[in-house]
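Below is input-v4.pdb, which holds PDB, C-alpha atoms.
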ATOM      1  CA  SER A   1       0.000   0.000   0.000
ATOM      2  CA  LYS A   2       0.941   3.673  -0.242
ATOM      3  CA  TYR A   3       1.346   3.890   3.544
ATOM      4  CA  ALA A   4       3.492   0.762   3.738
ATOM      5  CA  ALA A   5       5.756   2.168   1.021
ATOM      6  CA  GLU A   6       6.014   5.462   2.895
ATOM      7  CA  GLY A   7       6.905   3.569   6.062
ATOM      8  CA  VAL A   8       9.695   1.691   4.300
ATOM      9  CA  ALA A   9      11.011   4.956   2.868
ATOM     10  CA  ASN A  10      10.936   6.620   6.285
ATOM     11  CA  ASP A  11      12.786   3.668   7.849
ATOM     12  CA  LEU A  12      15.427   3.812   5.125
ATOM     13  CA  PHE A  13      16.098   7.512   5.525
ATOM     14  CA  ASP A  14      16.080   7.271   9.328
ATOM     15  CA  THR A  15      18.701   4.523   9.064
ATOM     16  CA  SER A  16      20.687   6.579   6.583
ATOM     17  CA  ALA A  17      20.680   9.554   8.947
ATOM     18  CA  ALA A  18      22.051   7.334  11.719
ATOM     19  CA  ILE A  19      24.781   6.017   9.401
ATOM     20  CA  ALA A  20      25.690   9.602   8.475
ATOM     21  CA  GLU A  21      26.038  10.460  12.179
ATOM     22  CA  LEU A  22      28.400   7.528  12.682
ATOM     23  CA  ALA A  23      30.487   8.570   9.676
ATOM     24  CA  ALA A  24      30.671  12.164  10.935
ATOM     25  CA  ALA A  25      31.950  10.839  14.277
ATOM     26  CA  GLY A  26      34.656   8.847  12.489
ATOM     27  CA  VAL A  27      33.033   5.451  13.112
ATOM     28  CA  PRO A  28      33.273   3.249  10.010
ATOM     29  CA  LEU A  29      30.376   0.989   9.068
ATOM     30  CA  PHE A  30      31.377  -2.047   6.994
ATOM     31  CA  VAL A  31      28.338  -3.817   5.555
ATOM     32  CA  SER A  32      27.568  -6.796   3.359
ATOM     33  CA  SER A  33      27.090  -6.023  -0.331
ATOM     34  CA  GLY A  34      24.678  -8.953  -0.697
ATOM     35  CA  ASP A  35      24.939 -12.535  -1.941
ATOM     36  CA  THR A  36      22.848 -12.495  -5.115
ATOM     37  CA  GLY A  37      25.346 -10.902  -7.478
ATOM     38  CA  SER A  38      24.027  -7.926  -9.400
ATOM     39  CA  TRP A  39      20.440  -9.193  -9.213
ATOM     40  CA  ASN A  40      19.123  -8.029  -5.844
ATOM     41  CA  ASN A  41      15.952  -7.179  -7.794
ATOM     42  CA  GLU A  42      14.707 -10.203  -9.774
ATOM     43  CA  PHE A  43      13.706  -8.048 -12.739
ATOM     44  CA  GLN A  44      16.766  -5.842 -13.198
ATOM     45  CA  PRO A  45      20.238  -5.228 -11.729
ATOM     46  CA  ASP A  46      19.978  -3.648  -8.296
ATOM     47  CA  VAL A  47      21.908  -3.239  -5.052
ATOM     48  CA  SER A  48      20.993  -3.900  -1.448
ATOM     49  CA  TYR A  49      20.736  -1.483   1.452
ATOM     50  CA  PRO A  50      22.681  -0.345   3.493
ATOM     51  CA  ALA A  51      25.465  -1.261   1.037
ATOM     52  CA  SER A  52      24.136   1.428  -1.299
ATOM     53  CA  ASP A  53      24.290   4.152   1.356
ATOM     54  CA  THR A  54      26.740   6.958   0.589
ATOM     55  CA  ASN A  55      28.283   6.706   4.067
ATOM     56  CA  ALA A  56      28.541   2.912   4.370
ATOM     57  CA  ILE A  57      31.520   0.840   3.214
ATOM     58  CA  ALA A  58      30.146  -2.071   1.186
ATOM     59  CA  VAL A  59      32.173  -5.282   1.292
ATOM     60  CA  GLY A  60      31.859  -7.597  -1.706
ATOM     61  CA  GLY A  61      33.040 -11.181  -2.054
ATOM     62  CA  THR A  62      35.924 -13.200  -3.451
ATOM     63  CA  THR A  63      36.966 -16.816  -3.926
ATOM     64  CA  VAL A  64      40.449 -17.649  -2.651
ATOM     65  CA  LEU A  65      42.508 -20.683  -3.627
ATOM     66  CA  GLU A  66      45.349 -21.688  -1.313
ATOM     67  CA  THR A  67      48.047 -24.318  -1.049
ATOM     68  CA  THR A  68      47.830 -26.975   1.660
ATOM     69  CA  VAL A  69      50.013 -24.757   3.875
ATOM     70  CA  ARG A  70      47.631 -21.789   3.399
ATOM     71  CA  ASN A  71      49.706 -19.819   0.927
ATOM     72  CA  ARG A  72      47.524 -17.711  -1.356
ATOM     73  CA  LEU A  73      47.474 -19.003  -4.943
ATOM     74  CA  SER A  74      44.788 -16.829  -6.497
ATOM     75  CA  GLU A  75      41.814 -14.625  -5.688
ATOM     76  CA  THR A  76      38.883 -14.133  -8.038
ATOM     77  CA  GLY A  77      35.495 -12.483  -7.769
ATOM     78  CA  TRP A  78      32.809 -14.636  -6.136
ATOM     79  CA  THR A  79      29.726 -14.956  -8.353
ATOM     80  CA  GLY A  80      27.419 -14.033  -5.469
ATOM     81  CA  SER A  81      29.226 -10.756  -4.732
ATOM     82  CA  GLY A  82      26.596  -8.024  -4.602
ATOM     83  CA  GLY A  83      27.436  -5.065  -6.799
ATOM     84  CA  GLY A  84      25.972  -2.353  -8.944
ATOM     85  CA  VAL A  85      24.695   1.206  -8.616
ATOM     86  CA  SER A  86      22.329   2.816  -6.124
ATOM     87  CA  SER A  87      19.205   4.415  -7.578
ATOM     88  CA  ILE A  88      18.806   6.670  -4.533
ATOM     89  CA  PHE A  89      22.099   7.586  -2.871
ATOM     90  CA  SER A  90      24.582   9.970  -4.455
ATOM     91  CA  ILE A  91      28.156   9.077  -5.268
ATOM     92  CA  PRO A  92      30.528   9.694  -2.334
ATOM     93  CA  SER A  93      33.329  12.195  -2.813
ATOM     94  CA  TYR A  94      35.994   9.489  -2.769
ATOM     95  CA  GLN A  95      34.461   7.869  -5.877
ATOM     96  CA  TYR A  96      34.497  11.102  -7.898
ATOM     97  CA  GLY A  97      36.450  10.675 -11.117
ATOM     98  CA  LEU A  98      37.377   7.081 -10.278
ATOM     99  CA  ALA A  99      38.034   5.008 -13.385
ATOM    100  CA  GLY A 100      35.986   1.836 -13.706
ATOM    101  CA  THR A 101      32.822   2.908 -11.871
ATOM    102  CA  ALA A 102      29.492   2.152 -13.534
ATOM    103  CA  SER A 103      28.048   5.519 -12.439
ATOM    104  CA  ARG A 104      29.391   9.044 -12.063
ATOM    105  CA  VAL A 105      26.279  10.192 -10.203
ATOM    106  CA  TYR A 106      25.175   7.487  -7.749
ATOM    107  CA  LYS A 107      26.952   5.344  -5.164
ATOM    108  CA  ASN A 108      28.861   2.433  -6.699
ATOM    109  CA  VAL A 109      28.812  -0.890  -4.844
ATOM    110  CA  PRO A 110      30.918  -2.526  -3.475
ATOM    111  CA  ASP A 111      33.831  -0.501  -2.112
ATOM    112  CA  VAL A 112      36.150  -3.390  -1.229
ATOM    113  CA  ALA A 113      36.022  -7.196  -1.109
ATOM    114  CA  MET A 114      36.903 -10.104   1.154
ATOM    115  CA  LEU A 115      36.737 -13.895   1.065
ATOM    116  CA  SER A 116      33.059 -14.922   0.822
ATOM    117  CA  ASP A 117      32.739 -18.086  -1.264
ATOM    118  CA  PRO A 118      31.208 -20.746   1.027
ATOM    119  CA  TYR A 119      33.395 -23.398  -0.611
ATOM    120  CA  THR A 120      36.583 -21.562   0.354
ATOM    121  CA  GLY A 121      35.178 -19.563   3.244
ATOM    122  CA  ALA A 122      35.552 -19.379   6.996
ATOM    123  CA  ALA A 123      35.916 -22.593   8.958
ATOM    124  CA  THR A 124      33.501 -22.924  11.859
ATOM    125  CA  PHE A 125      32.843 -25.705  14.308
ATOM    126  CA  ALA A 126      29.177 -26.571  14.324
ATOM    127  CA  PRO A 127      28.098 -29.634  16.287
ATOM    128  CA  ASP A 128      25.284 -31.397  14.437
ATOM    129  CA  ALA A 129      24.616 -28.399  12.182
ATOM    130  CA  PHE A 130      22.916 -29.356   8.922
ATOM    131  CA  GLY A 131      23.393 -32.978   9.906
ATOM    132  CA  VAL A 132      27.157 -32.495  10.018
ATOM    133  CA  SER A 133      29.282 -32.530  13.129
ATOM    134  CA  GLY A 134      32.689 -30.852  13.133
ATOM    135  CA  GLU A 135      34.267 -28.204  10.941
ATOM    136  CA  VAL A 136      31.826 -26.587   8.533
ATOM    137  CA  PRO A 137      32.816 -23.887   6.015
ATOM    138  CA  ILE A 138      30.530 -20.863   5.795
ATOM    139  CA  GLY A 139      30.567 -17.874   3.493
ATOM    140  CA  GLY A 140      28.678 -14.953   2.052
ATOM    141  CA  THR A 141      29.380 -11.251   2.275
ATOM    142  CA  SER A 142      27.794 -11.345   5.732
ATOM    143  CA  VAL A 143      31.030 -13.090   6.704
ATOM    144  CA  ALA A 144      33.185 -10.742   4.623
ATOM    145  CA  ALA A 145      31.891  -7.518   6.220
ATOM    146  CA  PRO A 146      32.704  -8.325   9.876
ATOM    147  CA  THR A 147      35.989  -9.868   8.741
ATOM    148  CA  PHE A 148      36.923  -6.606   7.062
ATOM    149  CA  ASN A 149      35.874  -4.720  10.183
ATOM    150  CA  GLY A 150      38.254  -6.895  12.191
ATOM    151  CA  VAL A 151      41.033  -6.268   9.686
ATOM    152  CA  TRP A 152      40.428  -2.526   9.995
ATOM    153  CA  ALA A 153      40.767  -2.702  13.784
ATOM    154  CA  LEU A 154      43.932  -4.829  13.597
ATOM    155  CA  VAL A 155      45.471  -2.519  10.986
ATOM    156  CA  ASN A 156      44.963   0.520  13.212
ATOM    157  CA  SER A 157      46.281  -1.369  16.233
ATOM    158  CA  ALA A 158      49.432  -2.305  14.296
ATOM    159  CA  ARG A 159      49.829   1.224  12.942
ATOM    160  CA  HIS A 160      49.689   2.522  16.518
ATOM    161  CA  ALA A 161      52.414   0.043  17.521
ATOM    162  CA  TYR A 162      54.578   1.354  14.659
ATOM    163  CA  GLY A 163      53.990   4.947  15.710
ATOM    164  CA  ARG A 164      51.819   5.662  12.687
ATOM    165  CA  PRO A 165      48.503   7.539  12.809
ATOM    166  CA  ASN A 166      45.247   5.630  12.698
ATOM    167  CA  LEU A 167      43.387   5.376   9.437
ATOM    168  CA  THR A 168      40.268   7.490   9.871
ATOM    169  CA  SER A 169      37.396   8.385   7.563
ATOM    170  CA  ALA A 170      37.317   4.854   6.161
ATOM    171  CA  GLY A 171      36.093   5.632   2.660
ATOM    172  CA  GLN A 172      38.628   8.358   2.010
ATOM    173  CA  ALA A 173      41.434   6.325   3.585
ATOM    174  CA  LEU A 174      40.729   3.194   1.534
ATOM    175  CA  TYR A 175      40.276   4.958  -1.790
ATOM    176  CA  SER A 176      43.445   6.992  -1.163
ATOM    177  CA  HIS A 177      45.484   3.757  -1.034
ATOM    178  CA  PRO A 178      44.390   1.663  -4.050
ATOM    179  CA  ARG A 179      47.811   0.004  -4.242
ATOM    180  CA  ASP A 180      47.231  -1.451  -0.788
ATOM    181  CA  PHE A 181      44.760  -3.924  -2.289
ATOM    182  CA  TYR A 182      45.055  -7.126  -4.262
ATOM    183  CA  ASP A 183      43.454  -6.190  -7.559
ATOM    184  CA  VAL A 184      40.819  -8.836  -8.321
ATOM    185  CA  SER A 185      40.395  -8.889 -12.089
ATOM    186  CA  VAL A 186      38.709 -12.230 -12.849
ATOM    187  CA  GLY A 187      35.051 -13.147 -12.392
ATOM    188  CA  ASP A 188      31.561 -11.713 -12.838
ATOM    189  CA  ASN A 189      28.434 -11.276 -10.715
ATOM    190  CA  GLY A 190      25.973 -11.201 -13.579
ATOM    191  CA  ALA A 191      25.894  -7.645 -14.913
ATOM    192  CA  TYR A 192      29.440  -6.640 -13.908
ATOM    193  CA  ASN A 193      32.873  -8.109 -14.525
ATOM    194  CA  ALA A 194      35.915  -7.964 -12.305
ATOM    195  CA  LYS A 195      38.642  -6.035 -14.113
ATOM    196  CA  PRO A 196      41.899  -4.180 -13.397
ATOM    197  CA  GLY A 197      41.297  -1.253 -11.061
ATOM    198  CA  TYR A 198      37.918  -0.520  -9.515
ATOM    199  CA  ASP A 199      34.925  -2.599 -10.612
ATOM    200  CA  ASN A 200      31.327  -3.057  -9.468
ATOM    201  CA  MET A 201      31.967  -6.645  -8.460
ATOM    202  CA  THR A 202      34.905  -6.435  -6.032
ATOM    203  CA  GLY A 203      35.422  -2.669  -5.635
ATOM    204  CA  LEU A 204      39.063  -1.770  -5.023
ATOM    205  CA  GLY A 205      39.840  -5.442  -4.375
ATOM    206  CA  ALA A 206      40.915  -7.402  -1.310
ATOM    207  CA  PRO A 207      43.148  -5.752   1.315
ATOM    208  CA  ASP A 208      46.888  -6.314   1.445
ATOM    209  CA  VAL A 209      47.026  -5.919   5.215
ATOM    210  CA  THR A 210      50.787  -5.433   5.469
ATOM    211  CA  ARG A 211      50.680  -2.528   3.026
ATOM    212  CA  LEU A 212      47.774  -0.908   4.877
ATOM    213  CA  VAL A 213      49.805  -1.062   8.078
ATOM    214  CA  LEU A 214      53.061   0.230   6.620
TER     215      LEU A 214
END

Show the structure stored in the file as structure tokens.
Amino acid sequence: SKYAAEGVANDLFDTSAAIAELAAAGVPLFVSSGDTGSWNNEFQPDVSYPASDTNAIAVGGTTVLETTVRNRLSETGWTGSGGGVSSIFSIPSYQYGLAGTASRVYKNVPDVAMLSDPYTGAATFAPDAFGVSGEVPIGGTSVAAPTFNGVWALVNSARHAYGRPNLTSAGQALYSHPRDFYDVSVGDNGAYNAKPGYDNMTGLGAPDVTRLVL
């Protein structure tokens, strides 16, 4: 109904105002970009909220292949990585003039990416979960977002130990250091392909933590 739609709109903008307050206070908000690729809307490419919010940092997904001793072999875009262009929220200042974005007017999603593929994802111990007892891999960008948040905290902790200033204003800090990311240039999420530089599948790429610290 008209009133239900108005209620949803009011909730969205109330949430957006709260996110803007956090950003103004220097508190970063890392959020999932979604797990349905570019098709959050079944009829046309779309992005999820709050990933599409100007002041949120949207974390997309990757697939990582490793050796048996956990050395990184390759990292490609995960097909479920949510990505695209907001139809409501304006492009943030740190995306202005950025090569590779699908829009010069609205927020591009995601900003960055992290391991999300359930087949190569986080190992968890789940007794009798899904009929399986023991170690169970899980994934999705709902894993990637809090993982990136943890990385952010550890990076700032390490920078403090090295006598370096904290990274603040997350969006500006991340986009100011594009070489501090592994550039993911293989894969697609439906409407968008991973490619050199920024793309609407994996954003800037996956963080090279050592470079972000140093």

Go ahead and fit an axis-aligned box to every listed atom of stretch 102-115 of chain A plus 4 Å each side, and pass me the centre and edge lengths in Å, one decimal, as AutoDock Vina command-line options.
--center_x 31.0 --center_y -1.9 --center_z -6.2 --size_x 19.7 --size_y 32.1 --size_z 22.7

**OP:** Tell me which protein, DNA and RNA residues are within 7 Å of stretch 147-163 of chain A, counting all atoms listed in the file, leaving out same-chain ones fewer than 6 positions away, and put them as JSON, numbers by chain.
**Re:** {"A": [30, 114, 209, 212, 213]}

Subject >> Pairwise distance for atom CA of A:Thr79 and atom CA of A:Pro146, rounded to one decimal in Å >> reply: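 Rounded to one decimal, the two atoms are 19.6 Å apart.
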
Original post:
With all atoms listed in the file as the atoms that count, which of A:Pro196, A:Gly80, A:Gly37, A:Pro28 lies nearest to A:Ala56?
Top reply: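 Answer, going by the shortest atom-to-atom distance: A:Pro28.
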
Subject >> Residue nearest A:Ala144 - candidates A:Leu115, A:Ala170, A:Val64, A:Ala123, atoms counted: all atoms listed in the file >> reply: A:Leu115

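Residues with any atom within 9 Å of stretch 15-19 of chain A, counting all atoms listed in the file and excluding same-chain neighbours fewer than 4 positions away, are Asn10, Asp11, Ala23, Ala24, Pro28, Leu29, Pro50, Asp53, Thr54, Asn55 and Ala56 of chain A.
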
**OP:** Tell me, in Å to one decimal, how far atom CA of A:Val143 is from atom CA of A:Ile91.
**Re:**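 Separation between atom CA of A:Val143 and atom CA of A:Ile91: 25.4 Å.
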
**OP:** Could you check how far atom CA of A:His177 sits from atom CA of A:Ser142, in Å to one decimal?
**Re:**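 For atom CA of A:His177 relative to atom CA of A:Ser142, the distance reads 24.2 Å.
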
Original post:
Selected by the PyMOL selection byres ((chain A and resi 95-99) around 8) in the shown coordinates: which residues, as a ChimeraX atom specification?
Top reply: /A:91-94,100-101,104,107-108,175,197-198

Original post:
Using only C-alpha atoms, which of the listed residues (A:Pro207, A:Gly140, A:Gly121, A:Gly190) sits closest to A:Gly83?
Top reply: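 Of all the options, A:Gly190 lies closest to A:Gly83.
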